[in-house]
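See below for my_file.cif, which holds mmCIF, N, CA and C atoms.
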data_my_file
loop_
_atom_site.label_atom_id
_atom_site.label_comp_id
_atom_site.auth_asym_id
_atom_site.auth_seq_id
_atom_site.Cartn_x
_atom_site.Cartn_y
_atom_site.Cartn_z
N MET A 1 79.96 130.43 -42.13
CA MET A 1 80.60 130.89 -43.35
C MET A 1 81.17 132.29 -43.12
N THR A 2 82.41 132.48 -43.52
CA THR A 2 83.05 133.78 -43.30
C THR A 2 82.81 134.70 -44.50
N ASN A 3 82.79 135.99 -44.21
CA ASN A 3 82.63 136.97 -45.27
C ASN A 3 84.00 137.57 -45.64
N ILE A 4 84.02 138.43 -46.64
CA ILE A 4 85.28 138.99 -47.13
C ILE A 4 86.01 139.78 -46.05
N TYR A 5 85.27 140.41 -45.13
CA TYR A 5 85.87 141.20 -44.06
C TYR A 5 86.60 140.30 -43.06
N GLN A 6 86.01 139.17 -42.74
CA GLN A 6 86.66 138.21 -41.85
C GLN A 6 87.82 137.51 -42.55
N GLN A 7 87.69 137.24 -43.84
CA GLN A 7 88.78 136.63 -44.60
C GLN A 7 90.00 137.56 -44.64
N SER A 8 89.77 138.85 -44.84
CA SER A 8 90.89 139.80 -44.84
C SER A 8 91.55 139.87 -43.48
N TYR A 9 90.76 139.80 -42.43
CA TYR A 9 91.31 139.79 -41.06
C TYR A 9 92.24 138.58 -40.89
N ARG A 10 91.78 137.41 -41.33
CA ARG A 10 92.59 136.18 -41.21
C ARG A 10 93.86 136.27 -42.05
N LYS A 11 93.77 136.90 -43.20
CA LYS A 11 94.96 137.07 -44.04
C LYS A 11 95.99 137.95 -43.33
N LEU A 12 95.52 138.99 -42.65
CA LEU A 12 96.44 139.84 -41.89
C LEU A 12 97.06 139.05 -40.74
N GLU A 13 96.31 138.13 -40.14
CA GLU A 13 96.88 137.26 -39.10
C GLU A 13 98.02 136.41 -39.68
N LYS A 14 97.85 135.91 -40.90
CA LYS A 14 98.90 135.10 -41.53
C LYS A 14 100.16 135.92 -41.78
N ILE A 15 99.98 137.19 -42.10
CA ILE A 15 101.12 138.06 -42.41
C ILE A 15 101.77 138.61 -41.14
N LEU A 16 100.96 139.08 -40.19
CA LEU A 16 101.47 139.84 -39.05
C LEU A 16 101.30 139.17 -37.70
N GLY A 17 100.65 138.00 -37.64
CA GLY A 17 100.47 137.30 -36.38
C GLY A 17 99.09 137.53 -35.78
N LYS A 18 98.75 136.74 -34.79
CA LYS A 18 97.41 136.74 -34.19
C LYS A 18 97.00 138.09 -33.59
N ASN A 19 97.94 138.82 -33.03
CA ASN A 19 97.61 140.10 -32.39
C ASN A 19 98.06 141.30 -33.23
N TRP A 20 97.95 141.17 -34.54
CA TRP A 20 98.43 142.21 -35.44
C TRP A 20 97.78 143.56 -35.17
N PHE A 21 96.53 143.58 -34.72
CA PHE A 21 95.81 144.84 -34.49
C PHE A 21 96.35 145.62 -33.29
N LYS A 22 97.31 145.03 -32.56
CA LYS A 22 97.95 145.74 -31.45
C LYS A 22 99.28 146.38 -31.86
N LEU A 23 99.72 146.13 -33.10
CA LEU A 23 100.97 146.69 -33.60
C LEU A 23 100.82 148.18 -33.85
N ASN A 24 101.94 148.91 -33.78
CA ASN A 24 101.94 150.34 -34.08
C ASN A 24 102.57 150.64 -35.43
N HIS A 25 103.75 150.05 -35.68
CA HIS A 25 104.45 150.33 -36.94
C HIS A 25 105.39 149.16 -37.26
N VAL A 26 105.27 148.65 -38.47
CA VAL A 26 106.10 147.53 -38.91
C VAL A 26 106.48 147.76 -40.37
N VAL A 27 107.73 147.46 -40.70
CA VAL A 27 108.17 147.45 -42.09
C VAL A 27 108.66 146.04 -42.39
N LEU A 28 108.00 145.38 -43.35
CA LEU A 28 108.39 144.03 -43.74
C LEU A 28 109.21 144.08 -45.02
N LYS A 29 110.37 143.42 -44.99
CA LYS A 29 111.24 143.37 -46.16
C LYS A 29 111.22 141.95 -46.70
N ASN A 30 111.13 141.84 -48.01
CA ASN A 30 111.11 140.54 -48.66
C ASN A 30 111.58 140.73 -50.10
N GLU A 31 112.90 140.72 -50.27
CA GLU A 31 113.47 140.90 -51.62
C GLU A 31 112.96 139.83 -52.56
N PRO A 32 112.68 140.12 -53.78
CA PRO A 32 112.94 141.37 -54.52
C PRO A 32 111.76 142.33 -54.50
N TYR A 33 110.78 142.10 -53.64
CA TYR A 33 109.57 142.92 -53.62
C TYR A 33 109.80 144.23 -52.86
N MET A 34 108.92 145.21 -53.14
CA MET A 34 108.97 146.47 -52.39
C MET A 34 108.62 146.21 -50.93
N GLN A 35 109.21 146.99 -50.05
CA GLN A 35 108.92 146.86 -48.63
C GLN A 35 107.43 147.09 -48.39
N LEU A 36 106.91 146.41 -47.37
CA LEU A 36 105.51 146.56 -46.98
C LEU A 36 105.47 147.32 -45.66
N TYR A 37 104.75 148.43 -45.64
CA TYR A 37 104.63 149.27 -44.46
C TYR A 37 103.25 149.05 -43.84
N PHE A 38 103.24 148.89 -42.53
CA PHE A 38 102.00 148.71 -41.78
C PHE A 38 102.07 149.65 -40.59
N GLU A 39 101.07 150.52 -40.45
CA GLU A 39 101.13 151.54 -39.41
C GLU A 39 99.75 151.84 -38.83
N ARG A 40 99.73 151.95 -37.49
CA ARG A 40 98.50 152.34 -36.79
C ARG A 40 98.31 153.84 -36.99
N LEU A 41 97.09 154.23 -37.38
CA LEU A 41 96.77 155.64 -37.53
C LEU A 41 95.96 156.17 -36.35
N ASP A 42 95.10 155.33 -35.82
CA ASP A 42 94.37 155.63 -34.58
C ASP A 42 93.89 154.30 -34.00
N GLU A 43 92.96 154.34 -33.09
CA GLU A 43 92.56 153.14 -32.35
C GLU A 43 92.18 151.96 -33.25
N ASN A 44 91.42 152.22 -34.30
CA ASN A 44 90.96 151.11 -35.14
C ASN A 44 91.23 151.32 -36.63
N ARG A 45 92.14 152.21 -36.96
CA ARG A 45 92.45 152.50 -38.36
C ARG A 45 93.95 152.33 -38.60
N PHE A 46 94.28 151.59 -39.66
CA PHE A 46 95.66 151.30 -40.00
C PHE A 46 95.92 151.64 -41.47
N ALA A 47 97.18 151.83 -41.80
CA ALA A 47 97.60 152.02 -43.19
C ALA A 47 98.50 150.85 -43.58
N ILE A 48 98.31 150.38 -44.81
CA ILE A 48 99.16 149.34 -45.39
C ILE A 48 99.62 149.90 -46.73
N ALA A 49 100.94 149.82 -47.00
CA ALA A 49 101.42 150.44 -48.24
C ALA A 49 102.71 149.82 -48.75
N HIS A 50 102.86 149.92 -50.05
CA HIS A 50 104.14 149.77 -50.74
C HIS A 50 104.45 151.15 -51.30
N TYR A 51 105.72 151.51 -51.39
CA TYR A 51 106.12 152.78 -51.99
C TYR A 51 107.26 152.53 -52.96
N PHE A 52 107.30 153.32 -54.03
CA PHE A 52 108.47 153.35 -54.88
C PHE A 52 108.93 154.80 -55.00
N GLU A 53 110.19 154.97 -55.36
CA GLU A 53 110.73 156.32 -55.47
C GLU A 53 110.71 156.77 -56.91
N GLN A 54 110.23 157.99 -57.13
CA GLN A 54 110.18 158.58 -58.46
C GLN A 54 110.58 160.04 -58.34
N ASN A 55 111.65 160.40 -59.01
CA ASN A 55 112.16 161.78 -58.97
C ASN A 55 112.36 162.27 -57.54
N GLY A 56 112.84 161.39 -56.66
CA GLY A 56 113.12 161.76 -55.28
C GLY A 56 111.91 161.73 -54.35
N ASP A 57 110.74 161.44 -54.89
CA ASP A 57 109.52 161.38 -54.07
C ASP A 57 109.08 159.94 -53.88
N LEU A 58 108.51 159.64 -52.71
CA LEU A 58 107.92 158.33 -52.48
C LEU A 58 106.49 158.35 -53.01
N VAL A 59 106.17 157.35 -53.84
CA VAL A 59 104.86 157.26 -54.46
C VAL A 59 104.19 155.98 -53.98
N PRO A 60 102.96 156.07 -53.43
CA PRO A 60 102.28 154.86 -52.96
C PRO A 60 101.87 153.96 -54.12
N ASP A 61 102.06 152.67 -53.91
CA ASP A 61 101.70 151.72 -54.97
C ASP A 61 101.34 150.37 -54.39
N PRO A 62 100.23 150.20 -53.79
CA PRO A 62 99.21 151.15 -53.34
C PRO A 62 99.40 151.49 -51.87
N ASP A 63 98.53 152.34 -51.39
CA ASP A 63 98.44 152.70 -49.98
C ASP A 63 96.96 152.61 -49.62
N MET A 64 96.65 151.76 -48.64
CA MET A 64 95.27 151.61 -48.20
C MET A 64 95.15 151.89 -46.71
N GLU A 65 94.05 152.50 -46.34
CA GLU A 65 93.67 152.59 -44.94
C GLU A 65 92.57 151.57 -44.72
N ILE A 66 92.65 150.90 -43.57
CA ILE A 66 91.65 149.89 -43.22
C ILE A 66 91.09 150.18 -41.84
N LEU A 67 89.85 149.77 -41.63
CA LEU A 67 89.21 149.84 -40.32
C LEU A 67 89.15 148.44 -39.73
N VAL A 68 89.55 148.31 -38.48
CA VAL A 68 89.59 147.01 -37.82
C VAL A 68 88.47 146.92 -36.80
N HIS A 69 87.81 145.76 -36.78
CA HIS A 69 86.77 145.46 -35.80
C HIS A 69 87.19 144.19 -35.06
N PRO A 70 88.04 144.32 -34.02
CA PRO A 70 88.59 143.14 -33.33
C PRO A 70 87.53 142.20 -32.75
N LYS A 71 86.41 142.74 -32.26
CA LYS A 71 85.39 141.88 -31.64
C LYS A 71 84.78 140.91 -32.64
N THR A 72 84.62 141.33 -33.89
CA THR A 72 84.06 140.45 -34.92
C THR A 72 85.16 139.84 -35.80
N LYS A 73 86.42 140.14 -35.44
CA LYS A 73 87.58 139.67 -36.22
C LYS A 73 87.35 139.93 -37.70
N SER A 74 87.11 141.21 -37.99
CA SER A 74 86.90 141.63 -39.37
C SER A 74 87.63 142.94 -39.63
N VAL A 75 87.87 143.19 -40.89
CA VAL A 75 88.55 144.41 -41.31
C VAL A 75 87.89 144.86 -42.61
N GLU A 76 87.81 146.17 -42.80
CA GLU A 76 87.22 146.67 -44.03
C GLU A 76 88.07 147.81 -44.59
N ALA A 77 88.03 147.94 -45.90
CA ALA A 77 88.75 149.02 -46.57
C ALA A 77 88.12 150.36 -46.20
N PHE A 78 88.96 151.35 -45.98
CA PHE A 78 88.51 152.71 -45.68
C PHE A 78 88.85 153.63 -46.86
N SER A 79 90.09 153.50 -47.37
CA SER A 79 90.50 154.32 -48.51
C SER A 79 91.60 153.62 -49.29
N TYR A 80 91.82 154.11 -50.50
CA TYR A 80 92.84 153.58 -51.41
C TYR A 80 93.48 154.74 -52.16
N GLN A 81 94.81 154.66 -52.32
CA GLN A 81 95.47 155.61 -53.20
C GLN A 81 96.68 154.96 -53.83
N ASP A 82 96.97 155.41 -55.03
CA ASP A 82 98.22 155.07 -55.71
C ASP A 82 98.72 156.36 -56.33
N GLY A 83 99.64 156.29 -57.26
CA GLY A 83 100.19 157.50 -57.86
C GLY A 83 99.19 158.32 -58.65
N VAL A 84 98.05 157.73 -59.00
CA VAL A 84 97.08 158.39 -59.86
C VAL A 84 95.69 158.53 -59.21
N ASN A 85 95.27 157.54 -58.44
CA ASN A 85 93.90 157.46 -57.94
C ASN A 85 93.80 157.63 -56.43
N TYR A 86 92.64 158.12 -56.00
CA TYR A 86 92.30 158.16 -54.58
C TYR A 86 90.81 157.89 -54.45
N GLN A 87 90.44 156.95 -53.57
CA GLN A 87 89.04 156.63 -53.31
C GLN A 87 88.82 156.45 -51.82
N ARG A 88 87.64 156.82 -51.36
CA ARG A 88 87.24 156.62 -49.96
C ARG A 88 85.90 155.91 -49.92
N VAL A 89 85.77 154.99 -48.98
CA VAL A 89 84.49 154.31 -48.75
C VAL A 89 83.55 155.25 -47.99
N TYR A 90 84.10 155.95 -47.02
CA TYR A 90 83.31 156.88 -46.21
C TYR A 90 83.79 158.30 -46.56
N PRO A 91 83.05 159.01 -47.42
CA PRO A 91 83.50 160.30 -47.92
C PRO A 91 83.72 161.37 -46.84
N GLU A 92 82.99 161.29 -45.73
CA GLU A 92 83.15 162.27 -44.66
C GLU A 92 83.83 161.60 -43.47
N PRO A 93 84.95 162.16 -43.00
CA PRO A 93 85.65 161.56 -41.86
C PRO A 93 84.72 161.35 -40.66
N ARG A 94 84.82 160.17 -40.08
CA ARG A 94 84.07 159.78 -38.88
C ARG A 94 82.56 159.69 -39.07
N ASN A 95 82.07 159.86 -40.29
CA ASN A 95 80.65 159.68 -40.56
C ASN A 95 80.49 158.37 -41.31
N TYR A 96 80.22 157.29 -40.56
CA TYR A 96 80.12 155.98 -41.16
C TYR A 96 78.71 155.68 -41.66
N ASN A 97 77.82 156.68 -41.61
CA ASN A 97 76.47 156.52 -42.15
C ASN A 97 76.43 156.84 -43.64
N LEU A 98 77.33 157.68 -44.10
CA LEU A 98 77.42 158.03 -45.51
C LEU A 98 78.45 157.12 -46.16
N VAL A 99 78.02 156.26 -47.09
CA VAL A 99 78.88 155.22 -47.65
C VAL A 99 78.86 155.29 -49.18
N ASN A 100 80.03 155.21 -49.77
CA ASN A 100 80.15 155.04 -51.22
C ASN A 100 80.17 153.52 -51.45
N PHE A 101 79.01 152.95 -51.75
CA PHE A 101 78.89 151.48 -51.85
C PHE A 101 79.71 150.90 -53.00
N ARG A 102 79.85 151.62 -54.09
CA ARG A 102 80.67 151.14 -55.19
C ARG A 102 82.13 151.03 -54.74
N ALA A 103 82.63 152.05 -54.07
CA ALA A 103 84.01 152.02 -53.56
C ALA A 103 84.15 150.94 -52.50
N LYS A 104 83.15 150.78 -51.65
CA LYS A 104 83.21 149.76 -50.57
C LYS A 104 83.41 148.37 -51.17
N LYS A 105 82.63 148.02 -52.17
CA LYS A 105 82.76 146.70 -52.78
C LYS A 105 84.09 146.57 -53.51
N SER A 106 84.43 147.54 -54.31
CA SER A 106 85.65 147.49 -55.10
C SER A 106 86.90 147.45 -54.23
N LEU A 107 86.96 148.31 -53.22
CA LEU A 107 88.15 148.39 -52.37
C LEU A 107 88.30 147.17 -51.48
N ASN A 108 87.20 146.61 -50.99
CA ASN A 108 87.32 145.40 -50.18
C ASN A 108 87.72 144.20 -51.02
N ASN A 109 87.25 144.13 -52.26
CA ASN A 109 87.72 143.08 -53.17
C ASN A 109 89.20 143.24 -53.46
N PHE A 110 89.64 144.48 -53.69
CA PHE A 110 91.06 144.71 -53.94
C PHE A 110 91.89 144.36 -52.71
N LEU A 111 91.44 144.78 -51.53
CA LEU A 111 92.18 144.49 -50.30
C LEU A 111 92.37 142.98 -50.14
N SER A 112 91.32 142.21 -50.33
CA SER A 112 91.41 140.76 -50.21
C SER A 112 92.40 140.18 -51.22
N PHE A 113 92.32 140.64 -52.45
CA PHE A 113 93.23 140.21 -53.51
C PHE A 113 94.68 140.57 -53.18
N TRP A 114 94.89 141.82 -52.75
CA TRP A 114 96.24 142.29 -52.42
C TRP A 114 96.83 141.51 -51.25
N LEU A 115 96.04 141.28 -50.20
CA LEU A 115 96.54 140.50 -49.07
C LEU A 115 96.89 139.08 -49.48
N SER A 116 96.12 138.48 -50.38
CA SER A 116 96.46 137.15 -50.90
C SER A 116 97.79 137.19 -51.63
N ASN A 117 98.02 138.22 -52.43
CA ASN A 117 99.30 138.36 -53.12
C ASN A 117 100.46 138.53 -52.14
N ILE A 118 100.24 139.32 -51.10
CA ILE A 118 101.27 139.54 -50.09
C ILE A 118 101.64 138.22 -49.43
N ILE A 119 100.65 137.39 -49.14
CA ILE A 119 100.90 136.07 -48.55
C ILE A 119 101.67 135.19 -49.54
N THR A 120 101.22 135.16 -50.80
CA THR A 120 101.87 134.36 -51.83
C THR A 120 103.33 134.79 -52.03
N GLN A 121 103.59 136.09 -51.92
CA GLN A 121 104.95 136.61 -52.09
C GLN A 121 105.84 136.29 -50.88
N GLY A 122 105.26 135.79 -49.80
CA GLY A 122 106.04 135.36 -48.65
C GLY A 122 106.28 136.40 -47.59
N PHE A 123 105.54 137.50 -47.60
CA PHE A 123 105.70 138.49 -46.53
C PHE A 123 105.15 137.92 -45.25
N LYS A 124 105.95 138.05 -44.19
CA LYS A 124 105.53 137.53 -42.87
C LYS A 124 106.38 138.21 -41.80
N LEU A 125 105.72 138.62 -40.72
CA LEU A 125 106.42 139.22 -39.60
C LEU A 125 107.17 138.12 -38.85
N SER A 126 108.45 138.32 -38.66
CA SER A 126 109.24 137.33 -37.91
C SER A 126 108.83 137.34 -36.45
N ALA A 127 108.81 136.17 -35.88
CA ALA A 127 108.42 136.05 -34.47
C ALA A 127 109.54 136.45 -33.55
#
Using C-alpha cells, write down the structure that the file contains.
Amino acid sequence: MTNIYQQSYRKLEKILGKNWFKLNHVVLKNEPYMQLYFERLDENRFAIAHYFEQNGDLVPDPDMEILVHPKTKSVEAFSYQDGVNYQRVYPEPRNYNLVNFRAKKSLNNFLSFWLSNIITQGFKLSA
C-alpha cells in the first residue's frame, strides 16, 4: 500500500516523466491555465509554482518547495506560500528533526490535491 508521499511522487511522474527528479528547470504551458514552473533548488529540493501578475509584480499562487527521496520514490512538502500565507514543515533550514506536524499534514494533503488538479488540467511535459 502506498502512502501520500509515494502517491505525490507518482503524480509528478505523470506530469514530468519517470526521471523528473533529474530536471533542473521546466515551464509547462497549458492554456487557459497559468504556467506551471518547476525548478531544482538543490540536490533533493524543488520548487513548483504558478504565478500571476499584480501591479507589475509576480505573485505566487501557490509556490511550494518539496523534498525528494528518489530511493523510496517519495516526495514531501517542505514549504508553501501564496500572496498572503507562508508555512514551513521544517522551521529551521537543514534541521529535519524539528517538525511542524500540523503543517506537515496540511501541506502534504494540499500537495497531493494540487498535483491531482494539475494532472486533471492536462499539464504534461512533452517528450
Apply the PyMOL selection byres ((chain A and resi 83) around 6.5) to the structure shown and report the selected residues as a PyMOL selection string.
-> chain A and resi 59-62+81-82+84-85
Selection dump of the PyMOL selection byres ((chain A and resi 76) around 7), as a compact mmCIF listing (two decimals) with N, CA and C atoms, in the coordinates of the input:
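Contents of the output file part.txt:
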# COMPACT_ATOMS: atom_id res chain seq x y z
N TYR A 5 85.27 140.41 -45.13
CA TYR A 5 85.87 141.20 -44.06
C TYR A 5 86.60 140.30 -43.06
N GLU A 65 94.05 152.50 -46.34
CA GLU A 65 93.67 152.59 -44.94
C GLU A 65 92.57 151.57 -44.72
N ILE A 66 92.65 150.90 -43.57
CA ILE A 66 91.65 149.89 -43.22
C ILE A 66 91.09 150.18 -41.84
N LEU A 67 89.85 149.77 -41.63
CA LEU A 67 89.21 149.84 -40.32
C LEU A 67 89.15 148.44 -39.73
N VAL A 68 89.55 148.31 -38.48
CA VAL A 68 89.59 147.01 -37.82
C VAL A 68 88.47 146.92 -36.80
N HIS A 69 87.81 145.76 -36.78
CA HIS A 69 86.77 145.46 -35.80
C HIS A 69 87.19 144.19 -35.06
N SER A 74 87.11 141.21 -37.99
CA SER A 74 86.90 141.63 -39.37
C SER A 74 87.63 142.94 -39.63
N VAL A 75 87.87 143.19 -40.89
CA VAL A 75 88.55 144.41 -41.31
C VAL A 75 87.89 144.86 -42.61
N ALA A 77 88.03 147.94 -45.90
CA ALA A 77 88.75 149.02 -46.57
C ALA A 77 88.12 150.36 -46.20
N PHE A 78 88.96 151.35 -45.98
CA PHE A 78 88.51 152.71 -45.68
C PHE A 78 88.85 153.63 -46.86
N SER A 79 90.09 153.50 -47.37
CA SER A 79 90.50 154.32 -48.51
C SER A 79 91.60 153.62 -49.29
N LEU A 107 86.96 148.31 -53.22
CA LEU A 107 88.15 148.39 -52.37
C LEU A 107 88.30 147.17 -51.48
N ASN A 108 87.20 146.61 -50.99
CA ASN A 108 87.32 145.40 -50.18
C ASN A 108 87.72 144.20 -51.02
How big is the axis-aligned box around all listed atoms of region 83-88 of chain A once 3 Å goes on each side, and where's its centre, in Å to one decimal, as AutoDock Vina command-line options?
--center_x 93.0 --center_y 157.2 --center_z -54.9 --size_x 20.3 --size_y 8.6 --size_z 15.9
Determine which residues of region 34-93 of chain A DSSP labels as strand (DSSP E) from the backbone of this structure, then write them out as a ChimeraX atom specification.
-> /A:36-42,45-54,57-69,74-81,86-88
Name the closest residue to Gly122 (chain A) among the candidates A:Asn3, A:Asn24, A:Asn30, A:Gln54; distances are taken between atoms, counting all atoms listed in the file.
->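 The shortest atom-to-atom distance to Gly122 (chain A) comes from A:Asn30.
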Determine the nearest neighbour of Lys29 (chain A) from the options A:Tyr90, A:Arg102, A:Lys124, A:Arg10, counting only C-alpha atoms.
->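 Under the stated criterion, the closest residue is A:Lys124.
Residues captured in this structure file are A:His25, A:Val26, A:Leu36, A:Tyr37, A:Glu39, A:Arg40, A:Ala47, A:Ile48, according to the PyMOL selection byres ((chain A and resi 38) around 5).
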Tell me, which residues of chain A carry DSSP helix (DSSP H, G or I), written as a ChimeraX atom specification?
-> /A:4-16,20-22,70-72,101-120
Separation of atom C of Asn19 (chain A) and CA of Gln6 (chain A), in Å?
->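 For atom C of Asn19 (chain A) relative to CA of Gln6 (chain A), the distance reads 14.6 Å.
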Do you know which residues are at most 9 Å from Lys11 (chain A) counting only C-alpha atoms, after dropping those on the same chain fewer than 6 positions away, and could you put them as number ranges by chain?
-> A: 112, 115-116, 119
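Atom C of Asn95 (chain A) is positioned 28.1 Å from CA of Leu16 (chain A).
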Of the candidates A:Arg94, A:Pro32, A:Leu125, A:Met64, which one gets nearest to Tyr80 (chain A) if we count all atoms listed in the file?
->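 Answer, going by the shortest atom-to-atom distance: A:Met64.
Coordinates place atom N of Tyr51 (chain A) at a distance of 22.6 Å from atom N of Lys104 (chain A).
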Of the candidates A:Ile4, A:Leu12, A:Met34, A:Leu58, which shows the shortest atom-to-atom distance to Asn109 (chain A), using all atoms listed in the file?
-> A:Ile4
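Of the listed residues A:Gln121, A:Gln87, A:Asn55, A:Thr72, the one whose atoms come nearest to Tyr33 (chain A) is A:Gln121, with distances taken using all atoms listed in the file.
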